[in-house]
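Here the structure is laid out as structure tokens; the discussion comes afterwards.
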Amino acid sequence: MDETQPAVRARGLTKCFGDVVALDEVALELAPGRIHGLAGPNGAGKTTLLGLLLGLAVADGGELQVLGRPVGRASAAPYGVAGFVDGPGLYPSLTARRNLAALAALRGQGTAAGRIDEVLAEVGLTDVADDRVRGFSLGMRQRLGLAAALLTEPRLLVLDEPSNGLDPAGKHHVHRVLRRLAGEGVTVVLSSHRMDDLETLCHEVTILATGRVRYSGPLDALAAGGRAADHRLLTSDPPTARRVAIGVAGVRVLPAAGVWRGAEALVVRASGRAVEDLVAALVRAEVRVREVVPVVPPLEAAYLALTEHPEAKP
């Protein structure tokens with residue numbers, strides 16, 4: 001594959017299940033070496049799109065290229081694509097190590113068997129490599145599914161809710177692996193309902209609602225957006241802070257204040273620029289600003305704005 005070409009290019013992608021339109025004229029372009037998030041409400045079409053990328057389903061219309069090759073009824077997903085949808089397929093009665101050995105054999109990848117210990121270590125499962133999978137937690141199964149995908153040394157890695165059931169240590173292992181893969185030029189596509197995971201990991205994000213793309217592009221541009229959002233402020237002098245905030249253009253002081261972390265909080269609705277003006281005004285008034293945080297994180301606010309009214313124009 002030419003590294004200057006998109007790892008995934010979709011144009012007018014449509015998929016129906018009976019009368020249900022799962023994907024409606026979806027356009028998507030993913031660059032190599034990037035982590036791309038996929039978000040949307042239940043039923044938005046995320047799993048269907050991931051299935052098309054993995055070659056588990058075929059689109060009814062439109063064009064799809066994966067790793068530079070067309071994918072359709074006459075051509076399956078090319079070699080170099082790995083991942084899982086709706087959880088990894090594993091053998092509960094086998095150990096983690098034997099699961100990976102069996103999967104390598106089924107794929108006809110004898111050389112991959114030599115990497116089993118390596119990928120188990122990478123996802124943090126060395127200590128349970130010889131335990132039966134039936135006793136694994138959801139998070140351990142997710143990590144084993146990632147290890148199975150790594151055996152193939154993919155150029156496109158597709159993961160459906162990879163953070164499901166992960167404890168902090170498991171999440172650390174998974175995030176570290178995904179960042180390493182992206183640094184080596186692998187394209188990672190992952191779906192998640194967790195906005196914090198997307199914000200931590202992803203370079204770009206695509207938000208779907210009712211099968212349509214509501215947004216696709218850089219994550220920071222989506223989170224910025226220029227829209228007003230609610231912010232909570234902790235200051236050294238709450239009464240003065242309130243008086244100052246009332247006088248700053250573009251800032252609306254909300255009644256939803258109260259005590260936060262043992263101190264009286266001030267809640268304002270303002271754009272990012274207006275919040276900056278407010279902080280500057282507080283500094284001039286000799287009020288110390290201890291904390292300024294969005295009540296709803298910017299990415300989550302943008303997600304809600306885009307998905308709560310799916311009938312509106314994207």
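Quick note on naming: the chains in the structure tokens go A, B, ... in the order shown, residues restart at 1 in each chain, and ligands are numbered from 1 in order of appearance.
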**OP:** Please run DSSP on the backbone and report, as a PyMOL selection string, all residues within region 71-306 of chain A that come out as helix (DSSP H, G or I).
**Re:** chain A and resi 96-106+110-122+126-128+133-135+138-150+168-183+195-201+219-224+238-246+272-284+298-306
For Leu150 (chain A), list every protein, DNA or RNA residue within 9 Å, evaluated using only C-alpha atoms, and leave out those in the same chain fewer than 4 positions away; present the list as a compact mmCIF listing (two decimals) with N, CA and C atoms, in the first residue's frame.
# COMPACT_ATOMS: atom_id res chain seq x y z
N ALA A 82 -7.41 -6.48 10.53
CA ALA A 82 -7.72 -7.35 11.67
C ALA A 82 -8.53 -6.57 12.69
N GLY A 83 -9.16 -7.31 13.59
CA GLY A 83 -9.94 -6.68 14.65
C GLY A 83 -11.12 -7.52 15.05
N VAL A 119 2.86 -10.95 21.96
CA VAL A 119 1.61 -10.19 21.98
C VAL A 119 0.89 -10.33 23.32
N GLY A 145 -8.52 -10.50 22.71
CA GLY A 145 -8.94 -10.23 21.34
C GLY A 145 -7.99 -9.30 20.62
N LEU A 146 -7.48 -8.30 21.33
CA LEU A 146 -6.49 -7.40 20.74
C LEU A 146 -5.21 -8.16 20.43
N PRO A 154 -1.36 -6.25 11.55
CA PRO A 154 -2.26 -5.57 10.61
C PRO A 154 -1.77 -4.18 10.23
N LEU A 157 -6.39 -1.76 11.87
CA LEU A 157 -6.91 -2.45 13.05
C LEU A 157 -8.28 -1.86 13.38
Subject >> strand (DSSP E or B) call set, DSSP backbone run, region 32-254 of chain A, as a PyMOL selection string >> reply: chain A and resi 35-39+61-66+69-70+72+75+81-84+95+132+156-160+187-191+204-209+212-218+229-235+252-254
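The shortest atom-to-atom distance to Gly250 (chain A), with only C-alpha atoms taken into account, belongs to A:Leu278 out of A:Leu219, A:Val287, A:Val174, A:Leu278.
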**OP:** Quick one: everything within 12 Å of Ala281 (chain A), counting only C-alpha atoms, minus sequence neighbours fewer than 5 positions away in the same chain. Send it as number ranges by chain.
**Re:** A: 240-249, 251, 274-276, 286-289
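For the set A:Thr47, A:Gly87, A:Glu118, A:Ala96, the residue with the smallest atom-to-atom gap to Gly139 (chain A) is A:Gly87, counting only C-alpha atoms.
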Can you build me a table of region 198-287 of chain A residues sitting at most 12 Å from region 2-26 of chain A, with the closest atom pair per residue and its distance in Å to one decimal, using only C-alpha atoms, sorted by chain and residue number, as CSV?
residue,atom,partner,partner_atom,distance
A:Thr206,CA,A:Val26,CA,10.5
A:Ile207,CA,A:Val26,CA,11.0
A:Leu208,CA,A:Leu23,CA,9.0
A:Ala209,CA,A:Leu23,CA,9.4
A:Thr210,CA,A:Ala22,CA,7.1
A:Gly211,CA,A:Leu23,CA,4.1
A:Arg212,CA,A:Asp24,CA,5.4
A:Val213,CA,A:Val26,CA,6.1
A:Arg214,CA,A:Val26,CA,9.8
A:Tyr215,CA,A:Val26,CA,10.8
A:Ser216,CA,A:Val26,CA,10.4
